[in-house]
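Coordinates as given in upload-v1.txt (compact mmCIF, C-alpha atoms):
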# COMPACT_ATOMS: atom_id res chain seq x y z
CA MET A 1 -82.98 -60.01 -14.57
CA THR A 2 -80.37 -60.95 -11.97
CA ARG A 3 -79.24 -64.53 -11.64
CA ASN A 4 -78.09 -66.39 -8.60
CA GLY A 5 -74.83 -68.12 -7.75
CA ASP A 6 -75.55 -70.95 -10.17
CA GLY A 7 -76.90 -68.74 -12.95
CA ARG A 8 -80.60 -69.24 -12.25
CA PRO A 9 -83.06 -66.41 -11.60
CA GLY A 10 -82.48 -65.33 -8.00
CA ASP A 11 -84.81 -63.88 -5.40
CA GLY A 12 -82.13 -61.66 -3.89
CA GLY A 13 -82.69 -63.09 -0.43
CA LEU A 14 -79.87 -64.40 1.74
CA GLY A 15 -79.84 -67.05 4.40
CA THR A 16 -76.82 -68.38 6.23
CA LEU A 17 -75.68 -71.97 6.67
CA GLY A 18 -72.50 -73.50 8.04
CA ILE A 19 -70.08 -71.84 10.43
CA GLU A 20 -71.29 -68.46 11.63
CA MET A 21 -68.90 -65.55 11.30
CA SER A 22 -69.45 -61.87 12.01
CA GLY A 23 -67.49 -60.98 8.91
CA PRO A 24 -65.04 -62.44 6.39
CA GLU A 25 -62.07 -61.16 8.41
CA LYS A 26 -63.10 -63.05 11.56
CA GLY A 27 -62.58 -66.58 12.69
CA GLU A 28 -59.70 -69.05 12.71
CA PRO A 29 -57.91 -70.36 9.62
CA GLY A 30 -60.17 -72.85 7.91
CA ASP A 31 -63.40 -71.24 9.15
CA GLY A 32 -66.03 -70.38 6.60
CA GLN A 33 -69.40 -68.89 5.77
CA LEU A 34 -71.97 -70.27 3.36
CA LEU A 35 -74.50 -67.78 2.04
CA VAL A 36 -77.62 -69.02 0.27
CA GLY A 37 -78.98 -66.59 -2.30
CA ASP A 38 -78.09 -64.37 -5.22
CA CYS A 39 -74.35 -64.12 -5.71
CA ILE A 40 -74.46 -60.55 -7.02
CA ASP A 41 -76.47 -59.24 -4.08
CA ALA A 42 -74.33 -61.21 -1.63
CA MET A 43 -71.03 -59.89 -2.98
CA ARG A 44 -72.33 -56.34 -3.02
CA ALA A 45 -73.27 -56.75 0.64
CA LEU A 46 -69.74 -57.79 1.64
CA PRO A 47 -67.44 -55.07 2.99
CA GLU A 48 -65.51 -53.42 0.19
CA GLY A 49 -62.03 -54.89 -0.25
CA SER A 50 -62.57 -57.69 2.27
CA VAL A 51 -61.49 -60.86 0.43
CA ASP A 52 -58.05 -61.94 -0.74
CA LEU A 53 -58.93 -64.32 -3.56
CA VAL A 54 -61.99 -64.97 -5.71
CA PHE A 55 -62.39 -68.25 -7.55
CA ALA A 56 -65.36 -68.29 -9.92
CA ASP A 57 -66.76 -71.18 -11.91
CA PRO A 58 -69.69 -69.40 -13.56
CA PRO A 59 -72.31 -70.91 -15.88
CA TYR A 60 -70.71 -71.75 -19.22
CA ASN A 61 -73.81 -70.99 -21.30
CA LEU A 62 -73.30 -74.24 -23.22
CA GLN A 63 -76.55 -73.88 -25.18
CA LEU A 64 -76.46 -77.54 -26.15
CA GLY A 65 -79.52 -79.05 -27.79
CA GLY A 66 -80.74 -82.63 -28.02
CA GLU A 67 -79.57 -85.76 -26.29
CA LEU A 68 -76.12 -87.29 -26.69
CA PHE A 69 -75.42 -91.04 -26.60
CA ARG A 70 -72.24 -93.12 -26.41
CA PRO A 71 -71.53 -95.82 -29.02
CA ASN A 72 -72.96 -98.41 -26.59
CA ASN A 73 -76.20 -96.39 -26.59
CA THR A 74 -75.88 -95.17 -23.00
CA ARG A 75 -76.91 -91.56 -22.47
CA VAL A 76 -74.23 -88.92 -21.71
CA ASP A 77 -74.86 -86.78 -18.63
CA GLY A 78 -74.54 -83.21 -19.85
CA VAL A 79 -75.27 -79.83 -18.29
CA GLU A 80 -79.00 -79.44 -18.81
CA ALA A 81 -79.96 -77.33 -15.79
CA GLU A 82 -81.86 -74.11 -16.32
CA TRP A 83 -79.12 -72.17 -14.53
CA ASP A 84 -76.82 -72.70 -17.52
CA ARG A 85 -79.28 -71.26 -20.05
CA PHE A 86 -79.41 -67.63 -21.18
CA ASP A 87 -81.67 -66.05 -23.77
CA SER A 88 -78.84 -64.44 -25.72
CA PHE A 89 -75.18 -63.50 -25.66
CA ASN A 90 -76.23 -60.04 -24.52
CA ALA A 91 -78.03 -61.54 -21.54
CA TYR A 92 -74.96 -63.61 -20.66
CA ASP A 93 -72.64 -60.61 -21.04
CA GLY A 94 -74.87 -58.54 -18.75
CA PHE A 95 -74.88 -61.26 -16.10
CA THR A 96 -71.09 -61.59 -16.40
CA ARG A 97 -70.59 -57.85 -16.04
CA ASP A 98 -72.78 -57.70 -12.94
CA TRP A 99 -71.14 -60.52 -11.04
CA LEU A 100 -67.61 -59.46 -11.96
CA ALA A 101 -68.31 -55.90 -10.82
CA ALA A 102 -69.65 -57.25 -7.51
CA ALA A 103 -66.58 -59.47 -7.12
CA ARG A 104 -64.35 -56.47 -7.82
CA HIS A 105 -66.12 -54.60 -5.01
CA ALA A 106 -65.33 -57.40 -2.53
CA LEU A 107 -61.74 -58.02 -3.66
CA LYS A 108 -58.80 -56.36 -1.91
CA PRO A 109 -56.47 -54.17 -4.02
CA THR A 110 -53.81 -56.87 -3.53
CA GLY A 111 -56.18 -59.76 -4.25
CA SER A 112 -56.44 -62.18 -7.14
CA LEU A 113 -59.43 -63.29 -9.19
CA TRP A 114 -59.62 -66.61 -11.03
CA VAL A 115 -62.30 -67.51 -13.57
CA ILE A 116 -62.60 -70.88 -15.26
CA GLY A 117 -64.52 -71.53 -18.46
CA SER A 118 -64.65 -73.32 -21.79
CA TYR A 119 -64.59 -72.03 -25.36
CA HIS A 120 -68.33 -71.36 -25.00
CA ASN A 121 -67.82 -68.47 -22.59
CA ILE A 122 -64.23 -67.73 -21.57
CA PHE A 123 -63.53 -65.24 -24.36
CA ARG A 124 -66.64 -63.23 -23.52
CA VAL A 125 -65.66 -63.31 -19.84
CA GLY A 126 -62.14 -62.16 -20.71
CA ALA A 127 -63.42 -59.14 -22.62
CA VAL A 128 -65.65 -58.08 -19.71
CA LEU A 129 -62.76 -58.54 -17.27
CA GLN A 130 -60.62 -56.14 -19.24
CA ASP A 131 -63.48 -53.68 -19.69
CA LEU A 132 -63.86 -53.55 -15.89
CA GLY A 133 -60.17 -52.80 -15.37
CA PHE A 134 -58.87 -56.22 -14.32
CA TRP A 135 -55.34 -57.10 -15.44
CA ILE A 136 -54.88 -60.63 -16.81
CA ILE A 137 -51.69 -62.12 -15.33
CA ASN A 138 -51.89 -65.57 -16.92
CA ASP A 139 -54.23 -67.75 -18.88
CA ILE A 140 -53.90 -71.30 -17.64
CA VAL A 141 -54.82 -74.31 -19.74
CA TRP A 142 -56.21 -77.18 -17.67
CA ARG A 143 -55.51 -80.22 -19.82
CA LYS A 144 -57.72 -83.15 -18.82
CA THR A 145 -56.20 -86.61 -18.65
CA ASN A 146 -59.62 -88.22 -19.13
CA PRO A 147 -61.80 -85.89 -21.24
CA MET A 148 -65.16 -86.93 -22.59
CA PRO A 149 -64.70 -88.16 -26.20
CA ASN A 150 -66.45 -86.47 -29.07
CA PHE A 151 -68.94 -89.25 -29.69
CA ARG A 152 -70.40 -87.77 -32.88
CA GLY A 153 -67.01 -87.47 -34.55
CA THR A 154 -67.75 -83.96 -35.79
CA ARG A 155 -64.84 -82.10 -34.14
CA PHE A 156 -61.70 -82.52 -32.04
CA THR A 157 -62.18 -83.90 -28.55
CA ASN A 158 -62.58 -80.95 -26.21
CA ALA A 159 -59.81 -81.86 -23.78
CA HIS A 160 -59.14 -78.64 -21.87
CA GLU A 161 -60.62 -75.68 -20.04
CA THR A 162 -59.12 -72.23 -19.61
CA LEU A 163 -58.52 -70.32 -16.38
CA LEU A 164 -57.85 -66.58 -16.28
CA TRP A 165 -55.77 -65.32 -13.35
CA CYS A 166 -56.28 -61.59 -12.83
CA ALA A 167 -55.25 -58.72 -10.57
CA LYS A 168 -57.43 -55.66 -9.91
CA ASP A 169 -55.14 -53.50 -12.05
CA GLN A 170 -51.82 -53.57 -13.83
CA ASN A 171 -49.83 -52.24 -10.86
CA ALA A 172 -51.41 -54.39 -8.13
CA ARG A 173 -49.06 -56.18 -5.73
CA TYR A 174 -50.76 -59.56 -5.80
CA THR A 175 -49.66 -62.75 -4.01
CA PHE A 176 -47.76 -65.36 -5.99
CA ASN A 177 -46.03 -68.13 -4.05
CA TYR A 178 -43.50 -68.84 -6.75
CA ASN A 179 -41.18 -70.93 -4.60
CA ALA A 180 -44.03 -73.13 -3.37
CA MET A 181 -45.09 -73.82 -6.96
CA LYS A 182 -41.52 -74.57 -7.97
CA GLU A 183 -41.06 -76.99 -5.07
CA ALA A 184 -44.36 -78.68 -5.91
CA ASN A 185 -43.01 -79.20 -9.44
CA ASP A 186 -39.78 -80.97 -8.41
CA GLY A 187 -37.75 -77.77 -8.40
CA VAL A 188 -38.71 -76.76 -11.94
CA GLN A 189 -40.53 -73.50 -12.69
CA MET A 190 -44.22 -74.30 -13.09
CA ARG A 191 -45.76 -73.71 -16.51
CA SER A 192 -49.18 -72.46 -17.53
CA ASP A 193 -50.39 -75.83 -18.84
CA TRP A 194 -51.72 -77.98 -16.00
CA LEU A 195 -52.52 -81.67 -16.26
CA PHE A 196 -55.31 -83.00 -14.02
CA PRO A 197 -58.06 -85.61 -14.41
CA ILE A 198 -61.66 -84.51 -14.23
CA CYS A 199 -63.48 -85.19 -10.98
CA THR A 200 -64.15 -88.93 -10.72
CA GLY A 201 -64.11 -91.77 -8.22
CA PRO A 202 -64.76 -91.24 -4.50
CA GLU A 203 -64.24 -87.47 -4.84
CA ARG A 204 -67.29 -87.15 -7.11
CA LEU A 205 -70.36 -86.48 -4.97
CA ARG A 206 -73.36 -88.64 -5.82
CA GLY A 207 -76.88 -88.96 -4.50
CA ASP A 208 -78.58 -92.05 -3.17
CA ASP A 209 -79.52 -92.96 -6.73
CA GLY A 210 -75.89 -92.88 -7.85
CA ALA A 211 -76.38 -89.79 -10.01
CA LYS A 212 -73.96 -86.86 -9.85
CA ILE A 213 -75.11 -84.22 -7.36
CA HIS A 214 -73.54 -81.45 -9.46
CA PRO A 215 -72.73 -81.83 -13.19
CA THR A 216 -69.62 -79.61 -13.21
CA GLN A 217 -67.86 -80.47 -9.93
CA LYS A 218 -64.20 -79.49 -10.22
CA PRO A 219 -61.29 -81.64 -8.96
CA GLU A 220 -59.84 -80.68 -5.61
CA ALA A 221 -56.32 -80.82 -7.07
CA LEU A 222 -57.12 -77.87 -9.32
CA LEU A 223 -58.29 -75.71 -6.41
CA HIS A 224 -55.37 -76.84 -4.28
CA ARG A 225 -52.90 -75.43 -6.81
CA ILE A 226 -54.80 -72.16 -7.27
CA ILE A 227 -55.22 -71.47 -3.57
CA LEU A 228 -51.68 -72.50 -2.65
CA ALA A 229 -50.20 -70.41 -5.47
CA THR A 230 -52.06 -67.14 -4.96
CA SER A 231 -53.05 -66.81 -1.31
CA LYS A 232 -51.56 -67.06 2.18
CA PRO A 233 -52.65 -69.00 5.26
CA GLY A 234 -55.45 -67.10 6.99
CA ASP A 235 -56.54 -65.33 3.78
CA THR A 236 -60.23 -65.24 2.85
CA ILE A 237 -61.26 -67.10 -0.31
CA LEU A 238 -64.58 -66.23 -1.97
CA ASP A 239 -66.45 -68.52 -4.37
CA PRO A 240 -69.63 -66.95 -5.78
CA PHE A 241 -70.68 -70.16 -7.59
CA PHE A 242 -70.04 -72.53 -4.70
CA GLY A 243 -71.89 -75.61 -5.93
CA THR A 244 -70.99 -78.58 -3.76
CA GLY A 245 -68.16 -76.78 -1.98
CA THR A 246 -64.88 -77.80 -3.60
CA THR A 247 -63.38 -74.37 -2.93
CA GLY A 248 -64.42 -74.40 0.73
CA THR A 249 -63.15 -77.95 1.20
CA VAL A 250 -59.69 -77.13 -0.11
CA ALA A 251 -59.55 -73.72 1.57
CA LYS A 252 -60.27 -75.29 4.96
CA ARG A 253 -57.62 -77.96 4.42
CA LEU A 254 -55.05 -75.28 3.51
CA GLY A 255 -55.82 -73.04 6.48
CA ARG A 256 -57.68 -70.32 4.56
CA ARG A 257 -60.99 -68.77 5.55
CA TRP A 258 -63.71 -69.09 2.97
CA ILE A 259 -67.01 -67.58 1.85
CA GLY A 260 -69.26 -69.54 -0.48
CA ILE A 261 -72.42 -68.29 -2.19
CA GLU A 262 -74.93 -70.80 -3.50
CA ARG A 263 -78.62 -70.56 -4.46
CA ASP A 264 -79.56 -74.23 -4.66
CA GLU A 265 -80.42 -75.66 -1.25
CA GLY A 266 -79.47 -79.18 -2.33
CA TYR A 267 -76.00 -78.11 -3.48
CA ALA A 268 -75.57 -76.06 -0.30
CA GLU A 269 -76.49 -78.98 1.93
CA ALA A 270 -74.03 -81.27 0.12
CA ALA A 271 -71.29 -78.64 0.49
CA ARG A 272 -72.06 -78.19 4.16
CA ALA A 273 -71.69 -81.91 4.92
CA ARG A 274 -68.61 -82.25 2.74
CA ILE A 275 -66.72 -79.39 4.41
CA ALA A 276 -67.74 -80.48 7.91
CA ALA A 277 -65.99 -83.80 7.27
CA VAL A 278 -62.64 -82.06 6.69
CA PRO A 279 -60.52 -82.18 9.87
CA ALA A 280 -59.52 -78.88 11.46
CA PRO A 281 -56.23 -77.85 9.84
CA ASP A 282 -52.88 -77.89 11.62
CA GLU A 283 -50.54 -75.00 10.91
CA LEU A 284 -47.68 -77.39 10.10
CA ASP A 285 -49.83 -79.08 7.47
CA PHE A 286 -50.65 -76.00 5.40
CA ALA A 287 -47.29 -74.25 5.67
CA ALA A 288 -45.57 -73.81 2.31
CA THR A 289 -42.24 -72.59 1.00
CA PRO A 290 -42.34 -68.78 1.36
CA SER A 291 -41.66 -66.33 -1.42
CA ARG A 292 -38.24 -64.70 -1.34
CA ARG A 293 -39.98 -61.32 -1.27
CA GLU A 294 -41.62 -62.24 2.03
CA GLN A 295 -38.46 -63.40 3.77
CA PRO A 296 -36.58 -61.00 6.09
CA ARG A 297 -33.93 -58.91 4.39
CA ILE A 298 -30.44 -59.92 5.51
CA PRO A 299 -27.60 -57.56 4.50
CA PHE A 300 -24.26 -59.21 3.83
CA GLY A 301 -22.82 -56.99 6.55
CA TRP A 302 -24.83 -58.96 9.12
CA VAL A 303 -23.11 -62.17 7.99
CA VAL A 304 -19.73 -60.50 8.57
CA GLU A 305 -20.79 -59.01 11.94
CA ARG A 306 -21.85 -62.42 13.19
CA GLY A 307 -18.47 -63.86 12.23
CA LEU A 308 -19.99 -66.38 9.82
CA ILE A 309 -17.64 -64.99 7.15
CA ARG A 310 -14.59 -63.16 8.48
CA PRO A 311 -13.09 -59.90 7.15
CA GLY A 312 -10.28 -60.78 4.78
CA SER A 313 -12.00 -63.95 3.55
CA ARG A 314 -11.66 -64.58 -0.17
CA LEU A 315 -14.88 -64.96 -2.16
CA PHE A 316 -14.96 -66.53 -5.60
CA ASP A 317 -17.49 -67.51 -8.26
CA ALA A 318 -18.56 -71.11 -8.82
CA ARG A 319 -15.91 -71.67 -11.50
CA ARG A 320 -13.19 -69.74 -9.58
CA ARG A 321 -12.64 -67.30 -12.43
CA HIS A 322 -13.06 -64.21 -10.24
CA GLU A 323 -12.07 -63.40 -6.68
CA ALA A 324 -12.72 -60.62 -4.15
CA ARG A 325 -11.90 -60.03 -0.48
CA VAL A 326 -14.34 -59.26 2.30
CA ARG A 327 -14.01 -55.98 4.19
CA ALA A 328 -15.12 -55.38 7.78
CA ASP A 329 -18.26 -53.47 6.75
CA GLY A 330 -19.50 -56.19 4.42
CA THR A 331 -18.26 -54.62 1.21
CA LEU A 332 -15.92 -56.41 -1.18
CA TYR A 333 -12.55 -55.36 -2.61
CA HIS A 334 -11.40 -56.41 -6.08
CA SER A 335 -8.31 -54.75 -7.56
CA GLU A 336 -9.22 -51.08 -7.17
CA ILE A 337 -12.99 -51.60 -7.07
CA THR A 338 -14.94 -51.70 -3.80
CA GLY A 339 -18.67 -52.09 -3.28
CA SER A 340 -21.47 -54.44 -2.36
CA ILE A 341 -21.50 -58.13 -3.20
CA HIS A 342 -23.86 -57.24 -6.04
CA LYS A 343 -21.88 -54.31 -7.44
CA VAL A 344 -18.53 -56.10 -7.42
CA GLY A 345 -20.12 -59.26 -8.82
CA ALA A 346 -21.54 -57.28 -11.73
CA HIS A 347 -18.21 -55.49 -12.30
CA VAL A 348 -16.06 -58.61 -12.57
CA GLN A 349 -18.47 -60.11 -15.09
CA GLY A 350 -18.91 -56.92 -17.09
CA ALA A 351 -22.65 -57.30 -16.48
CA PRO A 352 -25.25 -54.59 -15.72
CA SER A 353 -26.37 -56.38 -12.55
CA CYS A 354 -25.65 -59.41 -10.41
CA ASN A 355 -27.26 -61.35 -7.56
CA GLY A 356 -24.22 -61.46 -5.31
CA TRP A 357 -25.79 -64.02 -2.99
CA ALA A 358 -25.97 -66.52 -5.82
CA PHE A 359 -22.68 -65.52 -7.49
CA TRP A 360 -20.16 -65.55 -4.64
CA HIS A 361 -18.85 -68.58 -2.75
CA VAL A 362 -16.43 -69.11 0.13
CA ASP A 363 -14.40 -72.06 1.37
CA HIS A 364 -16.28 -73.45 4.37
CA GLN A 365 -15.33 -76.65 6.17
CA GLY A 366 -13.15 -77.65 3.28
CA LYS A 367 -15.61 -77.14 0.43
CA PRO A 368 -16.96 -74.27 -1.70
CA THR A 369 -20.18 -72.93 -0.16
CA SER A 370 -22.57 -70.30 -1.52
CA ILE A 371 -22.69 -67.25 0.71
CA ASP A 372 -26.48 -67.53 0.49
CA TRP A 373 -26.20 -70.53 2.84
CA PHE A 374 -25.11 -68.14 5.60
CA ARG A 375 -27.99 -65.78 4.83
CA GLN A 376 -30.47 -68.63 5.20
CA LYS A 377 -28.86 -69.57 8.52
CA LEU A 378 -29.54 -66.06 9.86
CA ARG A 379 -33.10 -66.10 8.50
CA ALA A 380 -33.77 -69.36 10.30
CA GLU A 381 -32.67 -67.74 13.54
CA LEU A 382 -35.08 -64.83 12.98
CA HIS A 383 -37.97 -67.25 12.50
Using structure tokens, write down the structure from this file.
Amino acid sequence: MTRNGDGRPGDGGLGTLGIEMSGPEKGEPGDGQLLVGDCIDAMRALPEGSVDLVFADPPYNLQLGGELFRPNNTRVDGVEAEWDRFDSFNAYDGFTRDWLAAARHALKPTGSLWVIGSYHNIFRVGAVLQDLGFWIINDIVWRKTNPMPNFRGTRFTNAHETLLWCAKDQNARYTFNYNAMKEANDGVQMRSDWLFPICTGPERLRGDDGAKIHPTQKPEALLHRIILATSKPGDTILDPFFGTGTTGTVAKRLGRRWIGIERDEGYAEAARARIAAVPAPDELDFAATPSRREQPRIPFGWVVERGLIRPGSRLFDARRRHEARVRADGTLYHSEITGSIHKVGAHVQGAPSCNGWAFWHVDHQGKPTSIDWFRQKLRAELH
């Protein structure tokens, strides 16, 4: 039996809501498409290799029984919907295999896939991912600042969920905006443990009766980091378990196109209204620090040609232990050794390799200046 985008039995039919697009590659940044129906059928119907990133928040198969109450005798809102119930682990594994295979069909060779889950399901999902050929890049621990306590006192408070970040295979050239993540973390390399509160306050969608519209709505901050880290402006983001549209909301704000698949008409309608309220994005707003790999290559010889550093200039390391002179073709001379800024930098240190741009400095306007400053000046001109 196939199940739909929220895990419930699906009818396989598709309708379309939201912004119309002729395909996932069309439209302006921020545009999207909301498909109502079975997520497996919908992903199979997408053109092969047409999306850049898949974020999936599948049913967790919690299999919880009975009611749970707080110490003050108020009832805890759990996940009780039929879409989160499966007859057996085998049934859940089959459903997982089907939707992951369909997502793999839609994902570009350079794309990324993210799956979030709890201890109830994430290990089973991880095994299926590897069986299908996906390569796990990182497992991310989302540590919740405000987790639900364990009211019965029978185990540790479950204070985290796990995300698996995957490429289509081990050799895939996936997107990772390392510099953007480092800048977002005050210049420190970002780690794989993320601290966010669960979705509360005005961000939590509620009906007229005050009840949560969706029991497992994820915080926008979590999707912001995922999308910013592993996609580019204009990329297409696919969410096969769209719910109330967190992925589409953040994708639109960050200038990405999006495709959401959702079976429940009520969830779809809430997502539609929520995303429509997001202002059209401005390119300056969703720009982020580019990866060094994506920046234009600037040979040191260009710096010399432009006269930013003159032939005969003396280069030195930050502690002035080593020195070399610049030649007219952009090579360096040290004693009887000549070569690139990288080769000579490695030689003077007795090291197997060296990033010459980071190693060498020059006196500029009365102070030591990294030669990389001049490279960035030329890159700015190219842009």
Checklist line | Separation of atom CA of A:Arg321 from atom CA of A:Phe359 in Å | finding: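 These two atoms are separated by 11.3 Å.
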Margin query: List the spatial neighbours of A:Arg124 as a count of residues only - criterion: any atom at most 9 Å away, all atoms listed in the file, same-chain residues fewer than 4 positions off excluded.
Written below: 7
Next item on the list: Choose the residue, out of A:Asn355, A:Thr236, A:Glu336, A:Ile298, that has the smallest atom-to-atom separation from A:Arg375; count only C-alpha atoms.
Entry: A:Ile298
Note to self: Just checking: using all atoms listed in the file, which residue out of A:His322, A:Gly30, A:Ile116, A:Gly111 ends up closest to A:Glu283?
What the structure shows: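 Selected residue with least distance to A:Glu283: A:Gly30.
As for atom CA of A:Cys199 and atom CA of A:Asp38, they are spaced 26.1 Å apart.
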Next item on the list: Show which residues sit within 7 Å of A:Thr162, as a ChimeraX atom specification. Count all atoms listed in the file, and ignore same-chain residues fewer than 5 positions away.
Entry: /A:116-118,139-142
Stretch 257-274 of chain A environment, 6 Å, all atoms listed in the file, sequence neighbours closer than 3 positions dropped, as a CSV table (one decimal) with C-alpha atoms, in the coordinates of the input:
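Ended up saving to selection20.csv:
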chain,number,residue,atom,x,y,z
A,4,ASN,CA,-78.1,-66.4,-8.6
A,5,GLY,CA,-74.8,-68.1,-7.8
A,29,PRO,CA,-57.9,-70.4,9.6
A,30,GLY,CA,-60.2,-72.8,7.9
A,31,ASP,CA,-63.4,-71.2,9.2
A,32,GLY,CA,-66.0,-70.4,6.6
A,33,GLN,CA,-69.4,-68.9,5.8
A,34,LEU,CA,-72.0,-70.3,3.4
A,35,LEU,CA,-74.5,-67.8,2.0
A,36,VAL,CA,-77.6,-69.0,0.3
A,37,GLY,CA,-79.0,-66.6,-2.3
A,39,CYS,CA,-74.4,-64.1,-5.7
A,234,GLY,CA,-55.4,-67.1,7.0
A,235,ASP,CA,-56.5,-65.3,3.8
A,236,THR,CA,-60.2,-65.2,2.8
A,237,ILE,CA,-61.3,-67.1,-0.3
A,238,LEU,CA,-64.6,-66.2,-2.0
A,239,ASP,CA,-66.4,-68.5,-4.4
A,240,PRO,CA,-69.6,-67.0,-5.8
A,241,PHE,CA,-70.7,-70.2,-7.6
A,242,PHE,CA,-70.0,-72.5,-4.7
A,243,GLY,CA,-71.9,-75.6,-5.9
A,244,THR,CA,-71.0,-78.6,-3.8
A,245,GLY,CA,-68.2,-76.8,-2.0
A,248,GLY,CA,-64.4,-74.4,0.7
A,277,ALA,CA,-66.0,-83.8,7.3
Item checked: Atom-to-atom span, atom CA of A:Ala167 and atom CA of A:Tyr119, Å ->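 For atom CA of A:Ala167 relative to atom CA of A:Tyr119, the distance reads 22.0 Å.
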Write stretch 331-343 of chain A as a short mmCIF file (atom, residue, chain, number, x, y, z; two decimals), in the coordinates of the input, completed to N, CA, C and O atoms.
data_model
loop_
_atom_site.label_atom_id
_atom_site.label_comp_id
_atom_site.auth_asym_id
_atom_site.auth_seq_id
_atom_site.Cartn_x
_atom_site.Cartn_y
_atom_site.Cartn_z
N THR A 331 -18.53 -54.89 2.62
CA THR A 331 -18.26 -54.62 1.21
C THR A 331 -17.14 -55.54 0.73
O THR A 331 -16.45 -56.19 1.52
N LEU A 332 -16.96 -55.59 -0.59
CA LEU A 332 -15.92 -56.41 -1.18
C LEU A 332 -14.87 -55.53 -1.85
O LEU A 332 -15.16 -54.40 -2.29
N TYR A 333 -13.64 -56.06 -1.95
CA TYR A 333 -12.55 -55.36 -2.61
C TYR A 333 -12.02 -56.25 -3.72
O TYR A 333 -11.70 -57.42 -3.50
N HIS A 334 -11.95 -55.69 -4.92
CA HIS A 334 -11.40 -56.41 -6.08
C HIS A 334 -10.56 -55.42 -6.87
O HIS A 334 -11.07 -54.42 -7.41
N SER A 335 -9.24 -55.68 -6.92
CA SER A 335 -8.31 -54.75 -7.56
C SER A 335 -8.50 -53.38 -6.94
O SER A 335 -8.27 -53.21 -5.75
N GLU A 336 -9.00 -52.43 -7.71
CA GLU A 336 -9.22 -51.08 -7.17
C GLU A 336 -10.71 -50.76 -7.05
O GLU A 336 -11.10 -49.60 -6.88
N ILE A 337 -11.54 -51.78 -7.14
CA ILE A 337 -12.99 -51.60 -7.07
C ILE A 337 -13.49 -52.09 -5.72
O ILE A 337 -13.14 -53.19 -5.28
N THR A 338 -14.29 -51.28 -5.03
CA THR A 338 -14.94 -51.70 -3.80
C THR A 338 -16.44 -51.48 -3.96
O THR A 338 -16.88 -50.61 -4.71
N GLY A 339 -17.22 -52.25 -3.23
CA GLY A 339 -18.67 -52.09 -3.28
C GLY A 339 -19.37 -53.31 -2.70
O GLY A 339 -18.74 -54.19 -2.10
N SER A 340 -20.67 -53.35 -2.89
CA SER A 340 -21.47 -54.44 -2.36
C SER A 340 -21.17 -55.74 -3.09
O SER A 340 -20.53 -55.75 -4.15
N ILE A 341 -21.67 -56.83 -2.54
CA ILE A 341 -21.50 -58.13 -3.20
C ILE A 341 -22.14 -58.12 -4.59
O ILE A 341 -21.66 -58.80 -5.51
N HIS A 342 -23.18 -57.32 -4.75
CA HIS A 342 -23.86 -57.24 -6.04
C HIS A 342 -23.08 -56.38 -7.04
O HIS A 342 -22.90 -56.76 -8.20
N LYS A 343 -22.61 -55.24 -6.56
CA LYS A 343 -21.88 -54.31 -7.44
C LYS A 343 -20.58 -54.93 -7.93
O LYS A 343 -20.27 -54.87 -9.14
#
